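With compact mmCIF, C-alpha atoms inside, this is my_file.txt:
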```txt
# COMPACT_ATOMS: atom_id res chain seq x y z
CA MET A 1275 179.47 126.34 81.71
CA VAL A 1276 176.01 126.89 80.15
CA THR A 1277 173.07 127.30 82.53
CA VAL A 1278 169.69 126.27 81.24
CA ASN A 1279 166.52 127.85 82.59
CA LEU A 1280 164.45 124.67 82.89
CA GLY A 1281 161.22 126.59 83.45
CA MET A 1282 161.69 128.47 80.20
CA LEU A 1283 162.56 125.18 78.47
CA HIS A 1284 159.25 123.61 79.60
CA TYR A 1285 157.35 126.72 78.51
CA VAL A 1286 159.05 126.70 75.10
CA LEU A 1287 158.30 122.96 74.73
CA ASP A 1288 154.60 123.77 75.18
CA HIS A 1289 154.85 126.39 72.42
CA ILE A 1290 156.73 124.06 70.04
CA TYR A 1291 154.14 121.33 70.62
CA GLY A 1292 151.36 123.91 70.24
CA ALA A 1293 152.84 125.24 66.99
CA PHE A 1294 153.04 121.71 65.58
CA MET A 1295 149.53 120.77 66.71
CA HIS A 1296 147.68 124.03 66.08
CA ARG A 1297 149.53 126.22 63.57
CA THR A 1298 150.44 123.80 60.78
CA LYS A 1299 148.29 123.31 57.70
CA MET A 1300 148.18 119.59 58.51
CA SER A 1301 145.80 120.31 61.35
CA THR A 1302 142.20 121.56 61.10
CA PRO A 1303 141.57 124.48 63.49
CA PHE A 1304 138.95 124.49 66.23
CA PHE A 1305 135.48 125.81 65.26
CA SER A 1306 136.04 125.82 61.47
CA ARG A 1307 132.25 125.77 60.95
CA GLY A 1308 131.50 128.78 63.10
CA TRP A 1309 129.47 129.37 66.24
CA GLY A 1310 126.71 126.77 65.91
CA GLY A 1311 123.73 129.05 65.22
CA THR A 1312 120.55 128.27 67.16
CA LYS A 1313 122.30 125.50 69.15
CA LEU A 1314 124.65 128.08 70.66
CA GLU A 1315 121.76 130.41 71.49
CA MET A 1316 119.90 127.55 73.20
CA LEU A 1317 122.98 126.55 75.23
CA GLU A 1318 123.70 130.14 76.26
CA ARG A 1319 120.12 130.50 77.52
CA MET A 1320 120.27 127.15 79.31
CA LEU A 1321 123.60 127.87 81.01
CA ASN A 1322 122.70 131.44 81.97
CA GLN A 1323 119.53 130.12 83.63
CA LEU A 1324 121.65 127.63 85.56
CA PHE A 1325 123.65 130.15 87.60
CA PRO A 1326 120.85 131.85 89.62
CA GLU A 1327 119.59 128.40 90.69
CA VAL A 1328 122.89 126.69 91.19
CA ALA A 1329 123.94 128.29 94.47
CA GLY A 1330 120.72 127.32 96.23
CA GLN A 1331 120.20 123.77 95.02
CA ASN A 1332 121.77 120.78 93.34
CA TRP A 1333 119.38 119.10 90.97
CA PRO A 1334 119.54 115.33 91.51
CA PRO A 1335 121.60 113.24 89.07
CA ARG A 1336 119.55 111.20 86.60
CA LEU A 1337 119.57 107.42 87.00
CA ILE A 1338 121.51 105.34 84.48
CA GLU A 1339 121.62 101.59 83.84
CA PRO A 1340 125.01 100.65 82.38
CA VAL A 1341 125.25 97.35 80.50
CA TRP A 1342 128.60 95.72 81.26
CA ARG A 1343 130.95 93.27 79.54
CA THR A 1344 134.13 91.88 81.09
CA ILE A 1345 137.38 92.66 79.22
CA TRP A 1346 139.63 90.70 81.58
CA GLU A 1347 139.54 89.33 85.11
CA THR A 1348 142.17 87.97 87.51
CA LYS A 1349 141.96 86.91 91.15
CA ASN A 1350 143.00 90.46 92.17
CA ALA A 1351 141.17 92.78 89.75
CA SER A 1352 138.81 93.13 86.79
CA LEU A 1353 138.35 95.48 83.85
CA ARG A 1354 134.86 95.94 82.48
CA GLU A 1355 133.46 98.22 79.80
CA GLY A 1356 129.94 99.58 80.02
CA VAL A 1357 127.52 101.49 77.82
CA PHE A 1358 124.49 103.59 78.78
CA ARG A 1359 122.23 106.13 77.16
CA THR A 1360 123.40 109.65 77.99
CA PRO A 1361 121.17 111.03 80.78
CA CYS A 1362 120.85 114.46 79.06
CA ASP A 1363 117.33 115.89 78.77
CA ASP A 1364 115.51 115.96 75.43
CA GLN A 1365 116.67 119.46 74.55
CA LEU A 1366 120.35 118.57 75.01
CA LEU A 1367 119.86 115.19 73.38
CA GLY A 1368 118.41 116.87 70.29
CA ALA A 1369 121.50 119.11 70.05
CA LEU A 1370 124.04 116.29 70.54
CA PRO A 1371 125.22 114.40 67.44
CA PRO A 1372 123.66 110.90 67.23
CA GLU A 1373 127.13 109.34 67.65
CA SER A 1374 127.32 110.86 71.16
CA HIS A 1375 123.95 109.58 72.43
CA THR A 1376 125.48 106.38 73.86
CA ALA A 1377 128.09 106.87 76.61
CA ARG A 1378 131.01 104.45 77.13
CA VAL A 1379 133.00 103.78 80.30
CA ALA A 1380 135.86 101.55 81.41
CA PHE A 1381 135.78 100.31 85.01
CA LEU A 1382 138.98 99.00 86.65
CA MET A 1383 138.32 97.53 90.07
CA PRO A 1384 140.43 95.71 92.66
CA LYS A 1385 138.93 92.72 94.47
CA SER A 1386 140.84 93.07 97.74
CA VAL A 1387 137.94 94.49 99.79
CA SER A 1388 134.21 95.05 99.36
CA PRO A 1389 133.09 98.28 97.58
CA ASN A 1390 131.87 99.91 100.81
CA ARG A 1391 135.51 99.87 102.05
CA MET A 1392 136.82 101.05 98.70
CA ALA A 1393 136.90 104.38 96.84
CA CYS A 1394 136.28 104.98 93.14
CA VAL A 1395 137.36 107.97 91.05
CA VAL A 1396 135.75 108.97 87.75
CA HIS A 1397 138.43 110.19 85.28
CA LEU A 1398 137.33 112.74 82.65
CA ALA A 1399 139.05 113.29 79.31
CA GLY A 1400 141.44 116.11 78.48
CA THR A 1401 141.51 117.70 75.02
CA GLY A 1402 142.43 115.04 72.47
CA ASP A 1403 142.13 112.04 74.85
CA HIS A 1404 140.00 109.73 72.70
CA THR A 1405 140.72 106.40 74.42
CA PHE A 1406 140.63 104.82 77.88
CA GLU A 1407 144.31 103.75 77.99
CA ARG A 1408 146.11 106.82 79.39
CA ARG A 1409 143.62 107.28 82.21
CA LEU A 1410 143.61 103.55 83.02
CA ARG A 1411 147.43 103.76 83.31
CA LEU A 1412 147.03 106.70 85.68
CA GLY A 1413 144.50 104.83 87.83
CA GLY A 1414 146.00 101.32 87.67
CA PRO A 1415 148.65 101.73 90.42
CA LEU A 1416 145.97 103.12 92.77
CA MET A 1417 144.36 99.67 93.00
CA LYS A 1418 146.90 98.75 95.69
CA GLU A 1419 145.38 101.62 97.73
CA ASN A 1420 141.88 100.11 97.22
CA ILE A 1421 140.95 102.86 94.75
CA ALA A 1422 138.99 101.83 91.66
CA THR A 1423 139.05 103.81 88.40
CA MET A 1424 136.14 104.63 86.12
CA VAL A 1425 137.03 106.28 82.78
CA LEU A 1426 134.35 108.13 80.78
CA GLU A 1427 134.67 108.56 77.02
CA SER A 1428 133.68 112.17 76.30
CA PRO A 1429 130.91 113.11 73.88
CA PHE A 1430 132.49 114.17 70.55
CA TYR A 1431 135.51 111.91 71.30
CA GLY A 1432 136.53 108.34 70.47
CA GLN A 1433 133.61 106.21 69.27
CA ARG A 1434 131.31 109.16 70.13
CA ARG A 1435 132.97 111.50 67.63
CA PRO A 1436 130.76 112.96 64.86
CA VAL A 1437 131.67 111.60 61.44
CA LEU A 1438 132.70 115.01 60.01
CA GLN A 1439 134.92 116.01 62.95
CA ARG A 1440 138.70 115.67 62.53
CA GLY A 1441 140.37 114.44 65.73
CA ALA A 1442 139.57 116.63 68.73
CA LYS A 1443 138.93 119.77 66.62
CA LEU A 1444 135.30 120.54 67.43
CA LEU A 1445 133.44 122.00 64.45
CA CYS A 1446 131.43 124.70 66.25
CA VAL A 1447 131.72 126.72 69.46
CA SER A 1448 128.36 125.24 70.52
CA ASP A 1449 130.01 121.78 70.47
CA LEU A 1450 132.37 122.85 73.28
CA LEU A 1451 129.47 123.87 75.53
CA LEU A 1452 127.52 120.73 74.57
CA LEU A 1453 130.52 118.51 75.32
CA GLY A 1454 130.90 120.13 78.74
CA ARG A 1455 127.24 120.03 79.70
CA ALA A 1456 126.78 116.40 78.60
CA THR A 1457 130.01 115.33 80.37
CA ILE A 1458 128.81 116.94 83.61
CA GLU A 1459 125.43 115.16 83.41
CA GLU A 1460 127.06 111.79 82.64
CA ALA A 1461 129.73 112.11 85.35
CA ARG A 1462 127.17 113.07 88.02
CA SER A 1463 125.04 110.07 87.03
CA LEU A 1464 128.09 107.78 87.23
CA LEU A 1465 128.96 109.08 90.72
CA HIS A 1466 125.35 108.48 91.76
CA TRP A 1467 125.52 104.94 90.34
CA LEU A 1468 128.80 104.25 92.18
CA ASP A 1469 127.23 105.50 95.40
CA CYS A 1470 123.75 103.98 95.29
CA GLU A 1471 124.07 100.94 93.01
CA ALA A 1472 127.69 99.79 93.39
CA GLY A 1473 127.90 100.85 97.05
CA PHE A 1474 131.34 102.50 97.13
CA GLY A 1475 132.40 104.05 100.43
CA LYS A 1476 133.96 107.18 98.86
CA MET A 1477 133.93 108.81 95.42
CA GLY A 1478 136.12 111.26 93.56
CA ILE A 1479 136.25 113.06 90.23
CA CYS A 1480 139.43 114.05 88.38
CA GLY A 1481 140.57 115.20 84.97
CA LEU A 1482 143.49 116.73 83.13
CA SER A 1483 143.28 120.06 81.30
CA MET A 1484 139.76 120.36 79.83
CA GLY A 1485 138.81 117.29 81.89
CA GLY A 1486 139.90 119.14 85.02
CA VAL A 1487 137.52 122.04 84.27
CA HIS A 1488 134.69 119.53 83.91
CA ALA A 1489 135.80 117.70 87.09
CA ALA A 1490 135.68 120.98 89.04
CA MET A 1491 132.15 121.65 87.77
CA VAL A 1492 130.99 118.13 88.67
CA GLY A 1493 132.54 118.36 92.15
CA SER A 1494 130.79 121.70 92.65
CA LEU A 1495 127.37 120.52 91.50
CA HIS A 1496 127.26 117.00 92.98
CA PRO A 1497 124.76 116.75 95.85
CA THR A 1498 127.10 114.75 98.13
CA PRO A 1499 130.78 115.34 99.05
CA VAL A 1500 133.29 113.96 96.54
CA ALA A 1501 137.06 114.44 96.23
CA THR A 1502 137.56 116.96 93.41
CA LEU A 1503 140.91 116.80 91.61
CA PRO A 1504 141.51 119.13 88.63
CA PHE A 1505 144.97 118.68 87.10
CA LEU A 1506 146.68 121.26 84.82
CA SER A 1507 143.34 123.03 84.50
CA PRO A 1508 142.28 126.65 83.97
CA HIS A 1509 139.36 128.26 85.79
CA SER A 1510 137.58 128.81 82.46
CA ALA A 1511 137.81 127.86 78.77
CA VAL A 1512 138.35 131.59 78.09
CA VAL A 1513 141.91 131.13 79.32
CA ALA A 1514 142.60 128.19 76.99
CA PHE A 1515 141.10 129.65 73.80
CA CYS A 1516 141.70 133.40 74.29
CA GLU A 1517 144.97 133.55 76.27
CA GLY A 1518 146.84 130.24 75.98
CA ILE A 1519 148.35 128.40 73.02
CA LEU A 1520 144.96 127.17 71.72
CA LYS A 1521 144.18 130.70 70.50
CA HIS A 1522 146.58 129.89 67.63
CA GLY A 1523 144.52 126.82 66.75
CA THR A 1524 141.15 128.61 66.56
CA ALA A 1525 139.46 129.48 63.23
CA TRP A 1526 139.02 133.19 64.03
CA GLU A 1527 138.41 134.15 60.40
CA ALA A 1528 135.65 131.53 59.99
CA LEU A 1529 134.09 132.78 63.24
CA ARG A 1530 134.30 136.39 61.98
CA GLU A 1531 132.62 135.44 58.68
CA ASP A 1532 129.88 133.58 60.55
CA LEU A 1533 129.18 136.65 62.71
CA ALA A 1534 129.41 138.99 59.70
CA THR A 1535 126.34 137.30 58.21
CA GLN A 1536 124.39 138.68 61.20
CA LYS A 1537 126.21 141.99 61.83
CA VAL A 1538 128.22 144.46 59.78
CA ALA A 1539 131.96 145.04 59.84
CA MET A 1540 133.07 142.68 62.60
CA THR A 1541 136.75 143.03 63.49
CA LEU A 1542 138.78 140.11 64.82
CA GLU A 1543 138.81 141.85 68.20
CA ASP A 1544 134.97 141.90 68.14
CA VAL A 1545 135.06 138.17 67.43
CA ARG A 1546 137.45 137.51 70.33
CA GLU A 1547 135.24 139.56 72.64
CA ARG A 1548 132.21 137.49 71.58
CA MET A 1549 134.23 134.33 72.30
CA ARG A 1550 135.17 135.63 75.76
CA ASN A 1551 131.49 136.33 76.50
CA VAL A 1552 130.35 132.87 75.36
CA LEU A 1553 133.12 130.99 77.16
CA SER A 1554 132.56 132.97 80.38
CA LEU A 1555 129.75 130.42 80.84
CA THR A 1556 132.50 127.89 81.62
CA ASP A 1557 133.96 130.00 84.46
CA VAL A 1558 134.20 127.61 87.41
CA THR A 1559 134.51 130.51 89.89
CA ARG A 1560 130.80 131.19 89.21
CA PHE A 1561 129.92 127.71 90.50
CA PRO A 1562 129.19 127.02 94.19
CA VAL A 1563 131.95 125.84 96.52
CA PRO A 1564 131.97 121.99 96.66
CA LYS A 1565 130.51 120.29 99.75
CA SER A 1566 134.01 119.36 101.02
CA PRO A 1567 136.40 122.10 99.86
CA ASN A 1568 139.24 120.53 101.86
CA ALA A 1569 138.98 117.50 99.52
CA VAL A 1570 139.65 119.74 96.50
CA ILE A 1571 143.28 119.54 95.32
CA PHE A 1572 144.45 121.38 92.21
CA VAL A 1573 147.74 120.25 90.67
CA ALA A 1574 149.25 122.95 88.44
CA ALA A 1575 152.50 123.34 86.50
CA THR A 1576 155.00 126.13 87.20
CA ASP A 1577 155.71 126.90 83.51
CA ASP A 1578 152.49 126.03 81.70
CA GLY A 1579 152.18 127.56 78.22
CA TYR A 1580 148.48 126.67 78.08
CA ILE A 1581 147.34 127.64 81.59
CA PRO A 1582 148.72 130.82 83.27
CA LYS A 1583 149.28 130.74 87.05
CA HIS A 1584 146.69 133.46 87.73
CA SER A 1585 143.95 131.18 86.41
CA VAL A 1586 144.71 128.42 88.93
CA LEU A 1587 144.95 130.92 91.79
CA GLU A 1588 141.54 132.39 90.90
CA LEU A 1589 140.00 128.96 91.48
CA GLN A 1590 141.71 128.50 94.82
CA LYS A 1591 140.56 131.97 95.90
CA ALA A 1592 136.96 131.21 94.86
CA TRP A 1593 136.98 127.93 96.83
CA PRO A 1594 138.45 128.69 100.30
CA GLY A 1595 139.83 125.54 101.94
CA SER A 1596 141.01 124.03 98.63
CA GLU A 1597 144.70 123.28 98.03
CA VAL A 1598 147.01 124.02 95.08
CA ARG A 1599 150.07 121.85 94.51
CA TRP A 1600 152.73 122.90 92.00
CA VAL A 1601 154.80 120.55 89.86
CA THR A 1602 157.88 121.72 87.98
CA GLY A 1603 157.26 121.73 84.26
CA GLY A 1604 155.03 122.82 81.42
CA HIS A 1605 151.64 121.51 80.32
CA VAL A 1606 153.02 118.81 78.02
CA SER A 1607 155.97 117.69 80.18
CA SER A 1608 153.84 117.55 83.36
CA PHE A 1609 151.20 115.54 81.53
CA ILE A 1610 153.94 112.98 80.78
CA LEU A 1611 156.21 113.16 83.84
CA HIS A 1612 154.06 113.84 86.90
CA ASN A 1613 151.56 110.98 87.08
CA ASP A 1614 152.83 110.09 90.56
CA GLU A 1615 151.89 113.59 91.78
CA PHE A 1616 148.42 113.23 90.27
CA ARG A 1617 148.02 109.84 92.01
CA ARG A 1618 149.19 111.31 95.32
CA ALA A 1619 146.60 114.08 95.02
CA ILE A 1620 143.87 111.51 94.28
CA LYS A 1621 144.79 109.48 97.36
CA ASP A 1622 145.10 112.55 99.61
CA GLY A 1623 141.79 114.04 98.40
CA LEU A 1624 139.97 110.79 99.13
CA ASP A 1625 141.68 110.51 102.55
CA ARG A 1626 140.07 113.85 103.48
CA LEU A 1627 136.56 112.43 103.05
CA PRO A 1628 134.81 110.36 105.72
CA TRP A 1629 133.68 106.85 104.87
CA LYS A 1630 130.00 106.71 104.04
CA GLU A 1631 128.82 104.88 107.10
CA SER A 1632 130.47 107.46 109.43
CA GLN A 1633 128.18 110.11 107.90
CA LEU A 1634 125.03 108.36 109.17
```
Translate this structure into structure tokens?
Amino acid sequence: MVTVNLGMLHYVLDHIYGAFMHRTKMSTPFFSRGWGGTKLEMLERMLNQLFPEVAGQNWPPRLIEPVWRTIWETKNASLREGVFRTPCDDQLLGALPPESHTARVAFLMPKSVSPNRMACVVHLAGTGDHTFERRLRLGGPLMKENIATMVLESPFYGQRRPVLQRGAKLLCVSDLLLLGRATIEEARSLLHWLDCEAGFGKMGICGLSMGGVHAAMVGSLHPTPVATLPFLSPHSAVVAFCEGILKHGTAWEALREDLATQKVAMTLEDVRERMRNVLSLTDVTRFPVPKSPNAVIFVAATDDGYIPKHSVLELQKAWPGSEVRWVTGGHVSSFILHNDEFRRAIKDGLDRLPWKESQL
């Protein structure tokens, strides 16, 4: 009788998928055009300035005015798509590619009760998630629990992708920081709109992988309590690009050459150290604890080839009162097989928040 170590199998599956996606010549690597020059310097300054302020205050979300069109409607539910100008300030707007200036959302909403007796969760995109469909499938079954789903198309993805970018492979390191910062601004503005304009009784934010990092940041920075639900997510992009499988899909030589134009004799280890320093700006443990830490639920995989266990546990340690739930599998298999666990976490996180009127 042959015994199979399922955990190892899931871990190996992640590496096979990673090798196919990130090590073959068919695929362009991440950051093939280098660091991003003055854009990266501007973003580093901007993000470093953020941390001293962030613990003491939450700057208010900017107002947005989405323009909606109905995709379909039945007696029980409706799906609308909306567009709005990204609420980023002029400095960020100038750094974003023109294709990313207009944000797109899908909004799936049950009609069973009024919005003030309903919750809505904003779903953020994981790496390579260019469309609304997967996240709408995740949120669809939650309508029977009176939970609406709003799906944001990320900057640099889908119809917002720059013309020269291949798939999800961002051209410069600065694009990763820009994508994150713009996503945070847009998601906070959407939560504010759901609260103040649409009148929902509870709100949440969730995301898978990269989307989970952004969801954690949004939950931390939002001025009012929201359920915060990062799935299969590291505590920092350092883990993904310097420790996990994505390190094999990164254009280290192009990054070394870009740095070598400014400094002499850069080794690949120097380049990786520079990357660790830059991506430390995405370390969620540096962000303040969310307003309702008990409504923070991390769902992590036991045998994740992209996200090591220590990374998830660092987040839980930084946010006392939060919960980690483990699913059996790797990054890829959990992404496919454990949607019910993600839905359960969404429902449980929202259940831990009071309804709006009880806060008065």
Could you tell me which of A:Ala1525, A:Val1379, A:Ala1534, A:Leu1412 comes closest to Glu1615 (chain A) if we count all atoms listed in the file?
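Counting all atoms listed in the file, the residue closest to Glu1615 (chain A) is A:Leu1412.
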Which residues are near Lys1313 (chain A)? Cut-off 12 Å, all atoms listed in the file, ignore same chain within fewer than 4 positions. Put them as a CSV table (one decimal) with C-alpha atoms, in the frame of the given file.
```
chain,number,residue,atom,x,y,z
A,1308,GLY,CA,131.5,128.8,63.1
A,1309,TRP,CA,129.5,129.4,66.2
A,1317,LEU,CA,123.0,126.6,75.2
A,1318,GLU,CA,123.7,130.1,76.3
A,1319,ARG,CA,120.1,130.5,77.5
A,1320,MET,CA,120.3,127.2,79.3
A,1365,GLN,CA,116.7,119.5,74.6
A,1366,LEU,CA,120.4,118.6,75.0
A,1367,LEU,CA,119.9,115.2,73.4
A,1368,GLY,CA,118.4,116.9,70.3
A,1369,ALA,CA,121.5,119.1,70.0
A,1370,LEU,CA,124.0,116.3,70.5
A,1371,PRO,CA,125.2,114.4,67.4
A,1446,CYS,CA,131.4,124.7,66.2
A,1447,VAL,CA,131.7,126.7,69.5
A,1448,SER,CA,128.4,125.2,70.5
A,1449,ASP,CA,130.0,121.8,70.5
A,1450,LEU,CA,132.4,122.8,73.3
A,1451,LEU,CA,129.5,123.9,75.5
A,1452,LEU,CA,127.5,120.7,74.6
```
Could you check the closest approach to Ser1301 (chain A) for each of A:His1488, A:Lys1385, A:Arg1440, A:Arg1354 and tell me which residue wins, using all atoms listed in the file?
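Nearest to Ser1301 (chain A): A:Arg1440.
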Measuring atom to atom with all atoms listed in the file, identify which of A:Gly1485, A:Pro1564, A:Gly1475, A:Gly1604 is nearest to Val1387 (chain A).
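Looking at the shortest contact to Val1387 (chain A), the residue is A:Gly1475.
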Enclose all atoms of region 1356-1362 of chain A listed in the file in an axis-aligned box, grow every side by 8 Å, and hand back centre and edge lengths in Å to one decimal, as JSON.
```
{"center_x": 125.4, "center_y": 107.0, "center_z": 79.0, "size_x": 25.1, "size_y": 30.9, "size_z": 19.6}
```
What does the distance between CA of Gly1478 (chain A) and CA of Asn1322 (chain A) come to in Å, to one decimal place?
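We find that CA of Gly1478 (chain A) and CA of Asn1322 (chain A) lie 26.9 Å from each other.
Closest approach to Gly1623 (chain A) from the set A:Cys1470, A:Val1425, A:Val1395, A:Leu1542 is made by A:Val1395, with distances taken over only C-alpha atoms.
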May I ask for the distance between CA of Glu1315 (chain A) and CA of Val1552 (chain A), given in Å to one decimal place?
9.7 Å
Quick one: residues within 9 Å of (136.6, 128.7, 103.0) (file frame), counting all atoms listed in the file, please, as a list in words.
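Those residues lying close to the given coordinates are Val1563, Pro1567, Asn1568, Lys1591, Ala1592, Trp1593, Pro1594, Gly1595 and Ser1596 of chain A.
Each of A:Thr1502, A:Gln1536, A:Ser1510, A:Thr1344 was compared to Arg1626 (chain A) using only C-alpha atoms, and A:Thr1502 turns out to be the nearest.
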